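Structure first, then comments.
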Number of protein chains: 4
Amino acid sequence: MRRSTAILLVSCPDQIGLIHTITEFLSRHNGNIVQLNEHVERPDNSFFFRVEWELEHFTIPKSELAKELEKALFSKYEMQWQLYFTDEKPRMAVFVSESSHCIYDIFSRYFSDEWFVEIPAILSNHRTHEALAQKYDIPFYHFPMSSETKADQERFQLELLGDLKVDFIVLARYMQILTPEFVANFENKIINIHHSFLPAFAGAKPYHRAFERGVKIIGATSHYVTQDLDEGPIIEQSVAKVSHKDTVDDLKTKGKDIEKMVLSRAISLHLQRRVLVHKNKTIVFE
Amino acid sequence: MRRSTAILLVSCPDQIGLIHTITEFLSRHNGNIVQLNEHVERPDNSFFFRVEWELEHFTIPKSELAKELEKALFSKYEMQWQLYFTDEKPRMAVFVSESSHCIYDIFSRYFSDEWFVEIPAILSNHRTHEALAQKYDIPFYHFPMSSETKADQERFQLELLGDLKVDFIVLARYMQILTPEFVANFENKIINIHHSFLPAFAGAKPYHRAFERGVKIIGATSHYVTQDLDEGPIIEQSVAKVSHKDTVDDLKTKGKDIEKMVLSRAISLHLQRRVLVHKNKTIVFE
Amino acid sequence: MRRSTAILLVSCPDQIGLIHTITEFLSRHNGNIVQLNEHVERPDNSFFFRVEWELEHFTIPKSELAKELEKALFSKYEMQWQLYFTDEKPRMAVFVSESSHCIYDIFSRYFSDEWFVEIPAILSNHRTHEALAQKYDIPFYHFPMSSETKADQERFQLELLGDLKVDFIVLARYMQILTPEFVANFENKIINIHHSFLPAFAGAKPYHRAFERGVKIIGATSHYVTQDLDEGPIIEQSVAKVSHKDTVDDLKTKGKDIEKMVLSRAISLHLQRRVLVHKNKTIVFE
Amino acid sequence: MRRSTAILLVSCPDQIGLIHTITEFLSRHNGNIVQLNEHVERPDNSFFFRVEWELEHFTIPKSELAKELEKALFSKYEMQWQLYFTDEKPRMAVFVSESSHCIYDIFSRYFSDEWFVEIPAILSNHRTHEALAQKYDIPFYHFPMSSETKADQERFQLELLGDLKVDFIVLARYMQILTPEFVANFENKIINIHHSFLPAFAGAKPYHRAFERGVKIIGATSHYVTQDLDEGPIIEQSVAKVSHKDTVDDLKTKGKDIEKMVLSRAISLHLQRRVLVHKNKTIVFE
C-alpha cells in the first residue's frame, strides 16, 4: 500500500533560484512532489532542502537518478546531498544495556509496523535482554566490555555491523561511551538518548543531580553521537513536570517515559529522513 | 531595520509543476525567497502555498505585482491568492466586554513592538475598559447592546470599521454573538477566543461544565468566526492541567492564562499571514 | 526492599476534627505516616482522605485493622472506606482487541517491576495477541463476540475473573462495549482508555472526527467504566499538538503514544490507591 | 467575599504524631481546616507542613495566636514556622529594567484583582517604564546604577523598601545583580525570573547560547535569589518547543511568553504561602 517515493536532502550555499532549479528538474521528469521543505540558516546563509516525490510516473529510473542529479544539480551548486527510496528498508542495530523501557517501546513500533525498518541485531554489554530478543527472533550479540577489551570488542562490533549491512545505530540506554574510532564509522548515524534536557545535567547521574538541584521539570534529549560526549546535534527533546514529592527513584520512573518517547520520535524522524545536520545542530523538517 | 518583503498565499487544485512555476517567476524577477511552505490536502488534492521574498532587488514594483502575477500565474491555474507587503501595517480593531486579561496581553505586545500592527479602535458593549484605552490613547467606542438595538449597533460598528479602514477584528473575550450579516463583512477576518478546547464545551459556561464533568485538562481555542457559533476554522489551541482541587473560579483563573496566550498566538500567526482557510479548517504555515 | 504500608481511603461528610481523629488513631498505635492527603469538595462539603503509614512498628495486626477502624472511626462518622496493604499484590486482568501499543506499554512496566501487580489473564475477542501472551507465559483467553453470544460470553468472562480472583480490569483498547450487567460487577474497577480528550469526540472514530474538525490538539482520556459509554469518572488525560500536515493515519499514530501513556498513568494511580470516585468525578491524590 | 483564614507553615525533624498534634490544636479551638498539606523529605527526615483554616469561629484571636502556637507546638518540636492571615495584604515591590512583558503581565493580574497584594513601588535602573507606572498611579523610583554607585544605591533602595513596609520583591527582568548585602535583607523574599531552564544556560545571554547549542526546547525558571547567581531555590519552571526555524530573536520572543507566565505563577504561589524553602530547594504545596 506504501507508495514508492524518493527523498532528496540537499545543503549548499544559498542563492536565488535554488528551489526553482530543483523543482524544475523534478517537474521536467514528471515527478509529483509529495512534500517540500526548505530552510535558510541566516548566520552563514546556508540552504537546506528536503523534497519527496512519487516514483510512479517519474521518468528517470532509480538506478540512474543519482547520476542525473549529480550532472544537473549537485555539481553546479556545490551541493551536499543524500538520496533515499522509501521502498528500501533501512537496517537499524539496537544497542542496549540493562534497562528495558526503550527496547520495549521500539519493539512495540517495530512489530506493529509503525516503522518501515529492519532490526537485524541487538547488541549488548550484558545478557539481560538476551531472552527478550530470542522471544522475538531477533539475533542477540553479547559483547562484554572492560577497559582492556573495549577496543577489540568495538572492532568486532564494527565487523558485525558491516556484515549485517547496518545503516544506523540506536543506543537505547546503552551505558557505554563509544570511542571516537567507532563513532567515525557512523557519522550522524548513531542516535543516543540522554536522560536529561541537555545541556543541563550532561554526564553521569542526571536524575540524582536534578533531585539535588530541585528542578521542577526533568527531560530527555535524543542526539546524534559525536566525539564529544553529550554534545552532539540534538534531534528531539521533551520534558515532564516533577515536584518536591518525587524521590530520585520517582524521577527515574518518570524519566523513563520521556526517554522512550523522545528516542522513538528521533528514530521516526531519522527513518523519514527529516533530519539534516549542520555543524552541531539539526534541521528537522517536520 | 525590518526588511521589506512580499508574502504570497495561494491555493488551487494540485498538479505537477506548481512550485516550479511560481518559484521560476520569482527567480526570473530576482526575488530572493526568505521562506517557502507548501501543503497538499490529500482528500481533495488541493494545493496550498506560502512564499515570502525580499523586495529589495525584485524587479517588479509593488504597484504592478498583482497584475503581473495574475497574468503569469493566477489565471492559468485557477489560483485563489492573497498578496501582502510587510512594510504595510495592518489595522486591527479589538472588541472587548468586561474581562481584561486578553486586552492586557495584546497591549503588552502592541506597545513593545512585538507586532507590526495598528490598533485604531477598541469597541465594547461596556464602558469597563474606557479608562484603560484612554491611558494608552487608543480611541474607545461604546456600543451598548440589547436584542432591540443589536442590528442598528452592528451597522454603526461596520460603518466605523470602514471609516477606520480596519483590516481585521479580534474578539478579545467579547461576550456578544455577531450576526451573520456582520460576519459576512469580515470573512476569515474575525479572530475569536473560546474558553474551551473545542469541540468540547462549545457554547456557554464552559468552565462550569468542565468542572461538572471532572476533566483533568482545560483549554482554549482561537478560531475565525463563521455563521455557526464556535464552529469556525480553528487557528490555535492550548491546554492546562487541572485537578479535583480546582474550583470553577480556579478553572477560570487558569483558563485566562491559556486564553490570552492562545489568542495572541493566533493574532501573531494571522499578522504573519501564515494562516490559510480551507473549508472549515486552517492550514497554518509555521 | 518494599516497606509494608497500609493505605486508608475515606470519604464522609465534612466536619471539624476529622483529620485529627484519624491521625490520633494512627499515632496512638505507633503508625508512622508516609503520606497524607485530604480534600474537601465544596459544593457538597464532602471530605476525602488518603493516608499511608508504615506497618513495621504499628501495634494493630493487619487482620484486626479493619475491625478496629470500624469501631473507632468508620461507624462514628458515616465513613465510606477502603483499606489496602501494599505487600499484597493486586490482580489485574487485561482486555485487548487488535491493537498492540497499550499492551506493549503495560508489559514493559510489568516485566521491569515498575508495577507491583499480577496479571493472571489476558482476555480478547480476537486471537491477534495470543502469540504475544504466550511469549510471556501469560494465560490468554479468547472470547469471540457477536451480538448473539455477548451475554453468554460475558458470563463466562465473569466466571473466569472470579476464579482468577481478579481485582480490577484494564481495557487496553478493547473495542467492545461492556453490558451494564458486566460493569455492575466491577464498579470503579474497570479502567478504559478513550482515544480523544473527552468530552470531545465521545463515541466512535474520534480521530476521523478530529481530522474533520481541524483541531490543533488531540488527546486521550482514561476513565472508570460506568453504564454510560465514555461518561465515566475521568482519571487522567493528556494531549498532543497536531497540524494540517497530519492525515487521519498520522493522528492515529500520534494518538497511540498518548493513549498508552495515559492508560499506564491511570493504572499507576489506581495501583497506588490514589483515586477516589465521587459522583461522576475522581479525586486523584498525587 | 474573601473568607478570613490563617495559614501556618511549619518545618521540623519528622516524628510520629506531628500532624495529629497540630490538627488537635486547631480542632480544640474550633478551627475549620480548609486545606492541609504535608511532606517528609526522606534523605534527612525533615517534616514540612502547611495548613489553612477559617478564622470565623476560631476561638483564639489573631493577636494571641503566635504566642499560643509557640507555647503549644513550636517550642516542643523545634519547629520553624511562619504564620499568615489572608485578610492582610502583602506588599510587593517590583524591580524592572527595560523590557516590559513581565510588568504588563503583573499589572494585568494586579488590576483585575487576581492577586490580593499591594504594589507600593516600582524600582528601576532605567526611566523606560516611568510613564507606564504613572499611567497606573504606582510610585516609580529611578535608581541609576553604575559600579561606583551600586553600594550606595542599594542602601537607598533598602531604606525606601523599609519605609514602604515592603514584604517581598519581584525582579521582573531586572538586569542587575544584587549584592549579598542586599539579598541578606530579604532572604527567600526576592523572586527572580531567569530566561532559561536552569541549570542549563545559567548566566548571561541564555537565548544566544540556546541558539548556538541547537536545543529543541527553551525555558524559564523562577527562583528565590540567594548569594549565588542563578543558584537559588527553584519555585517554578516552564518550557516551549522551538525549532531550527527560530532565530535568536524568535527565541527571545517565545521566551518572553514563558518568562512572564512562570514569574506570575511563582508570585501566585508565594502570595498563597505555598512555598517552603529547605536548603536550596523548595517544597511547593499546590
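Ordered as shown in the C-alpha cells, chains take letters A, B, and onward, while each chain numbers its residues from 1 and ligands are numbered from 1 in the order shown.
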
Original post:
Could you pull the residues within 6 Å of A:Ile190, counting only C-alpha atoms, minus those fewer than 5 positions along the same chain, as a PyMOL selection string?
Top reply: chain A and resi 168-170+224-225

**OP:** Please provide the set of residues having any atom within 10 Å of D:Pro13, restricted to only C-alpha atoms, with same-chain residues fewer than 3 positions apart removed, written as a list in words.
**Re:** Leu18, Val40, Glu41, Asp44, Asn45, Ser46, Phe47, Phe48, Tyr77, Glu78, Met79 and Gln80 of chain D

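Look at C:Pro206: the protein and nucleic acid residues within 10 Å of it, using only C-alpha atoms and passing over chain neighbours fewer than 6 places away, are His194, His195, Ser196, Phe197, Leu198, Ala200, Glu212, Ile218, Gly219, Ala220, Val248, Leu251 and Lys252 of chain C.
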
May I have the selected residues written with C-alpha atoms, as a short mmCIF file (atom, residue, chain, number, x, y, z; two decimals), in the first residue's frame?
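Output file result_24.cif follows:
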```cif
data_model
loop_
_atom_site.label_atom_id
_atom_site.label_comp_id
_atom_site.auth_asym_id
_atom_site.auth_seq_id
_atom_site.Cartn_x
_atom_site.Cartn_y
_atom_site.Cartn_z
CA HIS C 194 -10.71 6.51 25.14
CA HIS C 195 -8.87 7.93 22.16
CA SER C 196 -9.98 11.56 22.50
CA PHE C 197 -9.88 14.33 25.08
CA LEU C 198 -13.35 13.71 26.43
CA ALA C 200 -14.82 15.97 22.78
CA GLU C 212 -12.73 16.68 10.00
CA ILE C 218 -5.69 15.61 20.00
CA GLY C 219 -5.95 13.74 23.27
CA ALA C 220 -6.70 10.61 25.19
CA VAL C 248 -6.08 10.61 9.85
CA LEU C 251 -3.43 11.30 14.08
CA LYS C 252 -3.87 7.62 14.90
#
```

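Between atom CA of B:Leu160 and atom CA of B:Ser147 lies a distance of 20.4 Å.
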
Subject >> Those in stretch 124-282 of chain D with alpha helix (DSSP H) from DSSP, as number ranges by chain >> reply: D: 130-135, 150-163, 180-184, 206-213, 248-271

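Neighbouring residues of D:Phe285 at 9 Å or closer, counting only C-alpha atoms and skipping chain neighbours under 2 positions away, are His244 of chain A; Asn37, Glu38, His39, Phe49, Arg50, Leu269, Arg273, Arg274, Val275, Leu276 and Ile283 of chain D.
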
**OP:** Just need the residues of chain B within 10 Å of chain C, counting only C-alpha atoms, so spit them out as a ChimeraX atom specification.
**Re:** /B:38-43,197-202,210-219,221,231-247,279-286

Please produce a file of those selected residues containing N, CA and C atoms, as a short mmCIF file (atom, residue, chain, number, x, y, z; two decimals), in the first residue's frame.
```
data_model
loop_
_atom_site.label_atom_id
_atom_site.label_comp_id
_atom_site.auth_asym_id
_atom_site.auth_seq_id
_atom_site.Cartn_x
_atom_site.Cartn_y
_atom_site.Cartn_z
N GLU B 38 4.62 24.65 1.56
CA GLU B 38 3.54 24.13 0.72
C GLU B 38 2.83 23.00 1.44
N HIS B 39 1.60 22.76 1.03
CA HIS B 39 0.84 21.65 1.59
C HIS B 39 -0.14 21.16 0.55
N VAL B 40 -0.24 19.84 0.43
CA VAL B 40 -1.29 19.27 -0.41
C VAL B 40 -2.28 18.54 0.49
N GLU B 41 -3.50 18.99 0.46
CA GLU B 41 -4.55 18.35 1.25
C GLU B 41 -5.04 17.16 0.46
N ARG B 42 -4.76 15.96 0.98
CA ARG B 42 -4.97 14.76 0.19
C ARG B 42 -6.42 14.47 -0.18
N PRO B 43 -7.35 14.51 0.76
CA PRO B 43 -8.69 14.05 0.38
C PRO B 43 -9.21 14.72 -0.90
N PHE B 197 -11.36 23.76 24.98
CA PHE B 197 -10.71 23.08 23.86
C PHE B 197 -11.80 22.51 22.97
N LEU B 198 -12.23 23.35 22.03
CA LEU B 198 -13.29 22.93 21.12
C LEU B 198 -12.90 21.64 20.39
N PRO B 199 -13.86 20.77 20.07
CA PRO B 199 -15.29 20.94 20.17
C PRO B 199 -15.87 20.66 21.56
N ALA B 200 -15.05 20.37 22.55
CA ALA B 200 -15.61 20.17 23.89
C ALA B 200 -16.13 21.51 24.42
N PHE B 201 -17.25 21.46 25.08
CA PHE B 201 -17.79 22.63 25.76
C PHE B 201 -17.98 23.83 24.84
N ALA B 202 -18.47 23.61 23.63
CA ALA B 202 -18.90 24.74 22.82
C ALA B 202 -20.08 25.39 23.54
N ALA B 210 -16.88 22.08 32.48
CA ALA B 210 -15.63 21.33 32.68
C ALA B 210 -15.54 20.85 34.13
N PHE B 211 -15.92 21.71 35.05
CA PHE B 211 -15.91 21.34 36.47
C PHE B 211 -16.89 20.19 36.71
N GLU B 212 -18.09 20.33 36.18
CA GLU B 212 -19.10 19.27 36.35
C GLU B 212 -18.62 17.93 35.82
N ARG B 213 -17.98 17.98 34.65
CA ARG B 213 -17.55 16.74 34.00
C ARG B 213 -16.31 16.14 34.67
N GLY B 214 -15.59 16.99 35.40
CA GLY B 214 -14.40 16.46 36.06
C GLY B 214 -13.24 16.20 35.12
N VAL B 215 -13.08 17.04 34.11
CA VAL B 215 -11.94 16.85 33.19
C VAL B 215 -10.63 17.17 33.91
N LYS B 216 -9.55 16.60 33.41
CA LYS B 216 -8.24 16.82 34.01
C LYS B 216 -7.41 17.80 33.19
N ILE B 217 -7.94 18.23 32.08
CA ILE B 217 -7.32 19.33 31.33
C ILE B 217 -8.41 20.30 30.89
N ILE B 218 -8.08 21.58 30.90
CA ILE B 218 -8.95 22.57 30.29
C ILE B 218 -8.18 23.20 29.13
N GLY B 219 -8.88 23.95 28.29
CA GLY B 219 -8.21 24.50 27.14
C GLY B 219 -8.85 25.77 26.62
N THR B 221 -9.40 27.90 22.62
CA THR B 221 -9.37 27.71 21.18
C THR B 221 -9.54 29.06 20.48
N GLU B 231 -17.95 27.22 15.67
CA GLU B 231 -17.71 26.16 14.68
C GLU B 231 -16.71 26.57 13.61
N GLY B 232 -16.17 27.78 13.72
CA GLY B 232 -15.28 28.27 12.67
C GLY B 232 -13.94 27.57 12.66
N PRO B 233 -13.16 27.81 11.61
CA PRO B 233 -11.84 27.16 11.44
C PRO B 233 -10.91 27.48 12.61
N ILE B 234 -10.38 26.45 13.22
CA ILE B 234 -9.51 26.60 14.40
C ILE B 234 -8.11 27.01 13.97
N ILE B 235 -7.60 28.07 14.59
CA ILE B 235 -6.25 28.55 14.30
C ILE B 235 -5.24 27.96 15.28
N GLU B 236 -5.61 27.97 16.56
CA GLU B 236 -4.65 27.60 17.60
C GLU B 236 -5.41 27.12 18.83
N GLN B 237 -4.84 26.14 19.51
CA GLN B 237 -5.42 25.65 20.75
C GLN B 237 -4.31 25.38 21.76
N SER B 238 -4.65 25.48 23.01
CA SER B 238 -3.72 25.07 24.04
C SER B 238 -4.50 24.61 25.27
N VAL B 239 -3.82 23.92 26.17
CA VAL B 239 -4.48 23.35 27.33
C VAL B 239 -3.65 23.55 28.59
N ALA B 240 -4.26 23.30 29.73
CA ALA B 240 -3.54 23.29 31.01
C ALA B 240 -4.10 22.16 31.87
N LYS B 241 -3.24 21.59 32.69
CA LYS B 241 -3.66 20.55 33.62
C LYS B 241 -4.48 21.16 34.74
N VAL B 242 -5.54 20.48 35.13
CA VAL B 242 -6.28 20.88 36.32
C VAL B 242 -6.51 19.63 37.17
N SER B 243 -7.04 19.85 38.36
CA SER B 243 -7.26 18.70 39.24
C SER B 243 -8.53 18.91 40.05
N HIS B 244 -8.83 17.91 40.86
CA HIS B 244 -10.01 17.99 41.72
C HIS B 244 -9.93 19.18 42.68
N LYS B 245 -8.72 19.70 42.90
CA LYS B 245 -8.58 20.83 43.82
C LYS B 245 -9.13 22.12 43.25
N ASP B 246 -9.24 22.18 41.93
CA ASP B 246 -9.66 23.42 41.29
C ASP B 246 -11.17 23.62 41.35
N THR B 247 -11.57 24.75 41.92
CA THR B 247 -12.97 25.16 41.88
C THR B 247 -13.26 25.76 40.50
N LYS B 279 -12.15 25.19 3.44
CA LYS B 279 -13.40 24.69 4.02
C LYS B 279 -13.47 25.15 5.47
N ASN B 280 -13.63 24.24 6.40
CA ASN B 280 -13.74 24.71 7.79
C ASN B 280 -12.48 24.44 8.61
N LYS B 281 -11.36 24.36 7.92
CA LYS B 281 -10.10 24.08 8.61
C LYS B 281 -9.06 25.12 8.22
N THR B 282 -8.00 25.17 9.00
CA THR B 282 -6.92 26.07 8.63
C THR B 282 -5.67 25.28 8.25
N ILE B 283 -4.93 25.82 7.33
CA ILE B 283 -3.55 25.42 7.12
C ILE B 283 -2.70 26.51 7.76
N VAL B 284 -1.88 26.13 8.72
CA VAL B 284 -1.06 27.12 9.43
C VAL B 284 0.41 26.85 9.10
N PHE B 285 0.98 27.71 8.28
CA PHE B 285 2.37 27.53 7.83
C PHE B 285 3.33 28.13 8.84
N GLU B 286 3.67 27.34 9.85
CA GLU B 286 4.55 27.85 10.90
C GLU B 286 6.00 27.77 10.49
#
```

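The coordinates place atom CA of B:Ser222 at 19.4 Å from atom CA of B:Asn185.
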
**OP:** Fewer than 6 positions away in the same chain doesn't count, so skip those; otherwise give me all residues within 8 Å of stretch 96-109 of chain C, counting only C-alpha atoms, as a PyMOL selection string.
**Re:** (chain A and resi 100-101+104-105+108-109+112) or (chain C and resi 115+122-126+128-129+171-175+256-257+259-261+263-264)

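The coordinates place atom CA of C:Lys62 at 8.6 Å from atom CA of C:Ala6.
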
Subject >> Given only C-alpha atoms as the counted atoms, nearest of C:Leu73, C:Val277, C:Leu178, C:Ile119 to C:Lys89 >> reply: C:Ile119

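Backbone DSSP assigns strand (DSSP E or B) in stretch 206-264 of chain B to Ile217, Ile218, Gly219, Ala220, Thr221, Ser222, His223, Tyr224, Ile234, Ile235, Glu236, Gln237, Ser238, Val239, Ala240 and Lys241 of chain B.
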